[in-house]
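To keep things clear, I will list the structure first and then write my remarks on it.
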Amino acid sequence: MANLLNWFEIPVIDMERASKFYGTLLGREVQPADIMGTPYAFLPNDNEGIGGALAQGEHYQPSDRGVTIYFAMGDDLAPALARVEPAGGKVLTPKTLIDEENGYFAIILDTEGNRIGLHSAK
């Protein structure tokens with residue numbers, strides 16, 4: 001088993017709003033889909049590594065108290081963090097050094113009320 005995690009779904013209330021937020025945050029388009037009657041929007045991963053999507057439906061309830069997913073934001077968190085609030089989100093924990101070996105993290109609140117982590121090398 002290469003990775004313990006192989007898929008994730010981020011619950012959303014408003015798919016259009018959430019898709020716009022994540023597209024802006026990640027700097028790439030999310031791809032809408034309907035899987036067995038459930039609205040999804042696939043997050044970009046270039047068919048490499050772990051995939052995930054935004055998901056909307058009666059079993060998907062956003063929360064700031066559950067599991068925290070961390071997105072790898074490349075070399076520097078600053079550009080992504082600068083896009084959070086203009087896109088409708090909120091920075092909860094600013095760019096913070098973990099240590100020199102592990103880089104930096106930040107915690108944001110998305111437009112749906114989910115707490116999401118961001119990580120970078122510097």
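To be explicit about the labels: the chains of the structure tokens are called A, B, and onward in the order shown, and within each one the residues are counted from 1, while ligands get numbers from 1 in the order they are shown.
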All residues 12 Å or closer to A:Phe8, only C-alpha atoms, same chain fewer than 3 positions away omitted, as a list in words: Leu4, Leu5, Pro11, Tyr40, Ala41, Phe42, Leu43, Gly49, Ile50, Gly51, Gly52, Ala53, Leu54, Ala55, Val67, Thr68, Ile69, Tyr70 and Phe71 of chain A
Please save all heavy atoms of the selected residues as a short mmCIF file (atom, residue, chain, number, x, y, z; two decimals), in the first residue's frame.
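The file below, again.cif, is the result:
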data_model
loop_
_atom_site.label_atom_id
_atom_site.label_comp_id
_atom_site.auth_asym_id
_atom_site.auth_seq_id
_atom_site.Cartn_x
_atom_site.Cartn_y
_atom_site.Cartn_z
N LEU A 4 -1.90 5.36 2.68
CA LEU A 4 -3.05 4.93 3.45
C LEU A 4 -4.31 5.60 2.92
O LEU A 4 -5.36 4.98 2.80
CB LEU A 4 -2.86 5.27 4.93
CG LEU A 4 -3.99 4.88 5.87
CD1 LEU A 4 -4.23 3.37 5.83
CD2 LEU A 4 -3.68 5.33 7.28
N LEU A 5 -4.20 6.86 2.55
CA LEU A 5 -5.32 7.62 2.00
C LEU A 5 -5.34 7.45 0.49
O LEU A 5 -4.31 7.57 -0.16
CB LEU A 5 -5.17 9.10 2.36
CG LEU A 5 -6.26 10.04 1.91
CD1 LEU A 5 -7.55 9.74 2.65
CD2 LEU A 5 -5.84 11.48 2.16
N PRO A 11 -17.35 17.94 1.93
CA PRO A 11 -18.78 18.24 1.84
C PRO A 11 -19.03 19.72 1.57
O PRO A 11 -18.36 20.58 2.10
CB PRO A 11 -19.33 17.84 3.21
CG PRO A 11 -18.16 17.72 4.10
CD PRO A 11 -16.94 17.59 3.28
N TYR A 40 -20.79 16.23 -7.80
CA TYR A 40 -19.38 16.26 -7.42
C TYR A 40 -18.67 17.33 -8.24
O TYR A 40 -19.15 17.73 -9.30
CB TYR A 40 -18.69 14.91 -7.74
CG TYR A 40 -18.95 13.81 -6.76
CD1 TYR A 40 -20.04 12.97 -6.90
CD2 TYR A 40 -18.08 13.60 -5.69
CE1 TYR A 40 -20.27 11.94 -6.00
CE2 TYR A 40 -18.31 12.58 -4.78
CZ TYR A 40 -19.41 11.75 -4.95
OH TYR A 40 -19.63 10.74 -4.05
N ALA A 41 -17.52 17.74 -7.76
CA ALA A 41 -16.59 18.55 -8.55
C ALA A 41 -15.20 18.02 -8.22
O ALA A 41 -14.75 18.11 -7.07
CB ALA A 41 -16.71 20.03 -8.20
N PHE A 42 -14.56 17.42 -9.22
CA PHE A 42 -13.26 16.80 -9.00
C PHE A 42 -12.16 17.85 -8.90
O PHE A 42 -12.07 18.75 -9.73
CB PHE A 42 -12.95 15.80 -10.12
CG PHE A 42 -13.89 14.64 -10.13
CD1 PHE A 42 -14.88 14.53 -11.10
CD2 PHE A 42 -13.81 13.66 -9.16
CE1 PHE A 42 -15.76 13.47 -11.10
CE2 PHE A 42 -14.69 12.59 -9.14
CZ PHE A 42 -15.68 12.50 -10.11
N LEU A 43 -11.33 17.71 -7.87
CA LEU A 43 -10.21 18.62 -7.66
C LEU A 43 -9.04 18.17 -8.53
O LEU A 43 -8.86 16.98 -8.77
CB LEU A 43 -9.82 18.63 -6.18
CG LEU A 43 -10.94 19.11 -5.25
CD1 LEU A 43 -10.58 18.86 -3.79
CD2 LEU A 43 -11.25 20.57 -5.48
N GLY A 49 -1.18 10.54 -7.77
CA GLY A 49 -1.35 10.62 -6.32
C GLY A 49 -2.80 10.45 -5.89
O GLY A 49 -3.60 9.80 -6.55
N ILE A 50 -3.12 11.06 -4.79
CA ILE A 50 -4.43 10.93 -4.16
C ILE A 50 -5.41 11.91 -4.79
O ILE A 50 -5.12 13.08 -4.93
CB ILE A 50 -4.30 11.18 -2.65
CG1 ILE A 50 -3.36 10.14 -2.06
CG2 ILE A 50 -5.65 11.14 -1.96
CD1 ILE A 50 -2.81 10.50 -0.71
N GLY A 51 -6.58 11.41 -5.15
CA GLY A 51 -7.61 12.25 -5.74
C GLY A 51 -8.69 12.59 -4.74
O GLY A 51 -8.83 11.95 -3.69
N GLY A 52 -9.47 13.62 -5.07
CA GLY A 52 -10.56 14.02 -4.21
C GLY A 52 -11.54 14.91 -4.94
O GLY A 52 -11.29 15.34 -6.06
N ALA A 53 -12.66 15.17 -4.28
CA ALA A 53 -13.71 15.96 -4.90
C ALA A 53 -14.52 16.70 -3.86
O ALA A 53 -14.53 16.34 -2.68
CB ALA A 53 -14.64 15.04 -5.70
N LEU A 54 -15.21 17.72 -4.33
CA LEU A 54 -16.26 18.35 -3.56
C LEU A 54 -17.49 17.48 -3.75
O LEU A 54 -17.70 16.94 -4.84
CB LEU A 54 -16.52 19.76 -4.08
CG LEU A 54 -15.31 20.68 -4.22
CD1 LEU A 54 -15.72 22.01 -4.82
CD2 LEU A 54 -14.63 20.86 -2.88
N ALA A 55 -18.31 17.32 -2.72
CA ALA A 55 -19.49 16.47 -2.82
C ALA A 55 -20.67 17.14 -2.12
O ALA A 55 -20.51 17.71 -1.05
CB ALA A 55 -19.22 15.10 -2.20
N VAL A 67 -12.27 15.85 10.40
CA VAL A 67 -10.96 15.56 9.83
C VAL A 67 -10.44 16.79 9.10
O VAL A 67 -11.20 17.50 8.44
CB VAL A 67 -11.09 14.38 8.83
CG1 VAL A 67 -9.80 14.14 8.09
CG2 VAL A 67 -11.53 13.13 9.57
N THR A 68 -9.14 17.04 9.20
CA THR A 68 -8.53 18.14 8.46
C THR A 68 -7.69 17.56 7.33
O THR A 68 -6.82 16.73 7.56
CB THR A 68 -7.64 19.00 9.37
OG1 THR A 68 -8.42 19.50 10.45
CG2 THR A 68 -7.04 20.18 8.60
N ILE A 69 -7.99 17.99 6.13
CA ILE A 69 -7.24 17.60 4.94
C ILE A 69 -6.24 18.71 4.65
O ILE A 69 -6.58 19.88 4.70
CB ILE A 69 -8.19 17.42 3.74
CG1 ILE A 69 -9.14 16.27 4.00
CG2 ILE A 69 -7.42 17.23 2.45
CD1 ILE A 69 -10.25 16.18 2.99
N TYR A 70 -5.01 18.33 4.35
CA TYR A 70 -3.97 19.30 4.00
C TYR A 70 -3.66 19.22 2.51
O TYR A 70 -3.38 18.13 2.00
CB TYR A 70 -2.68 19.04 4.79
CG TYR A 70 -2.76 19.53 6.21
CD1 TYR A 70 -3.42 18.79 7.18
CD2 TYR A 70 -2.19 20.74 6.58
CE1 TYR A 70 -3.51 19.23 8.48
CE2 TYR A 70 -2.28 21.19 7.87
CZ TYR A 70 -2.94 20.44 8.83
OH TYR A 70 -3.03 20.90 10.12
N PHE A 71 -3.71 20.36 1.85
CA PHE A 71 -3.34 20.44 0.44
C PHE A 71 -1.88 20.85 0.33
O PHE A 71 -1.44 21.79 1.02
CB PHE A 71 -4.18 21.48 -0.30
CG PHE A 71 -5.61 21.08 -0.52
CD1 PHE A 71 -6.63 21.81 0.02
CD2 PHE A 71 -5.92 19.97 -1.29
CE1 PHE A 71 -7.96 21.45 -0.18
CE2 PHE A 71 -7.23 19.59 -1.50
CZ PHE A 71 -8.25 20.34 -0.94
#
Could you pull out the strand (DSSP E) residues of chain A, going by DSSP on the backbone, and write them as a PyMOL selection string? chain A and resi 7-11+31-35+38-42+51-55+69-72+90-99+103-109+115-120
Could the residues in this selection be written to a file with C-alpha atoms, as an mmCIF file, in the first residue's frame?
data_model
loop_
_atom_site.group_PDB
_atom_site.id
_atom_site.type_symbol
_atom_site.label_atom_id
_atom_site.label_comp_id
_atom_site.auth_asym_id
_atom_site.auth_seq_id
_atom_site.Cartn_x
_atom_site.Cartn_y
_atom_site.Cartn_z
ATOM 1 C CA TRP A 7 -9.622 9.372 -1.934
ATOM 2 C CA PHE A 8 -11.315 12.222 -0.083
ATOM 3 C CA GLU A 9 -14.583 14.120 -0.376
ATOM 4 C CA ILE A 10 -15.121 17.628 0.969
ATOM 5 C CA PRO A 11 -18.777 18.241 1.837
ATOM 6 C CA GLN A 31 -14.408 19.523 -12.948
ATOM 7 C CA PRO A 32 -18.153 19.129 -12.256
ATOM 8 C CA ALA A 33 -19.687 15.670 -12.452
ATOM 9 C CA ASP A 34 -22.791 13.772 -11.420
ATOM 10 C CA ILE A 35 -22.076 10.329 -9.970
ATOM 11 C CA THR A 38 -24.751 13.010 -6.439
ATOM 12 C CA PRO A 39 -23.191 16.327 -7.529
ATOM 13 C CA TYR A 40 -19.381 16.256 -7.422
ATOM 14 C CA ALA A 41 -16.592 18.554 -8.547
ATOM 15 C CA PHE A 42 -13.260 16.800 -9.004
ATOM 16 C CA GLY A 51 -7.609 12.255 -5.744
ATOM 17 C CA GLY A 52 -10.563 14.016 -4.211
ATOM 18 C CA ALA A 53 -13.707 15.958 -4.905
ATOM 19 C CA LEU A 54 -16.262 18.354 -3.556
ATOM 20 C CA ALA A 55 -19.494 16.467 -2.822
ATOM 21 C CA ILE A 69 -7.240 17.597 4.937
ATOM 22 C CA TYR A 70 -3.969 19.304 3.998
ATOM 23 C CA PHE A 71 -3.339 20.442 0.436
ATOM 24 C CA ALA A 72 0.246 20.556 -0.820
ATOM 25 C CA LYS A 90 -11.071 32.939 6.011
ATOM 26 C CA VAL A 91 -7.514 32.378 7.236
ATOM 27 C CA LEU A 92 -7.727 30.827 10.713
ATOM 28 C CA THR A 93 -4.014 30.144 11.272
ATOM 29 C CA PRO A 94 -1.564 32.175 9.194
ATOM 30 C CA LYS A 95 1.554 30.716 7.578
ATOM 31 C CA THR A 96 3.388 29.055 10.473
ATOM 32 C CA LEU A 97 6.735 27.290 10.577
ATOM 33 C CA ILE A 98 6.529 23.645 11.639
ATOM 34 C CA ASP A 99 10.319 23.276 11.559
ATOM 35 C CA GLY A 103 8.148 23.455 6.198
ATOM 36 C CA TYR A 104 5.046 25.536 6.853
ATOM 37 C CA PHE A 105 1.322 25.127 7.366
ATOM 38 C CA ALA A 106 -1.770 27.312 7.532
ATOM 39 C CA ILE A 107 -5.392 26.555 8.365
ATOM 40 C CA ILE A 108 -8.278 28.114 6.442
ATOM 41 C CA LEU A 109 -12.065 27.994 6.584
ATOM 42 C CA ARG A 115 -11.479 23.637 8.066
ATOM 43 C CA ILE A 116 -8.753 22.903 5.488
ATOM 44 C CA GLY A 117 -4.985 22.759 5.988
ATOM 45 C CA LEU A 118 -2.391 24.057 3.557
ATOM 46 C CA HIS A 119 1.251 22.964 3.518
ATOM 47 C CA SER A 120 4.413 24.130 1.753
#
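Across the structure, atom CA of A:Gly88 and atom CA of A:Val30 are spaced 16.6 Å apart.
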Can you tell me, as a ChimeraX atom specification, what residues are no more than 6 Å from stretch 110-112 of chain A when counting only C-alpha atoms, ignoring any on the same chain fewer than 2 positions away? /A:12,88-89,114
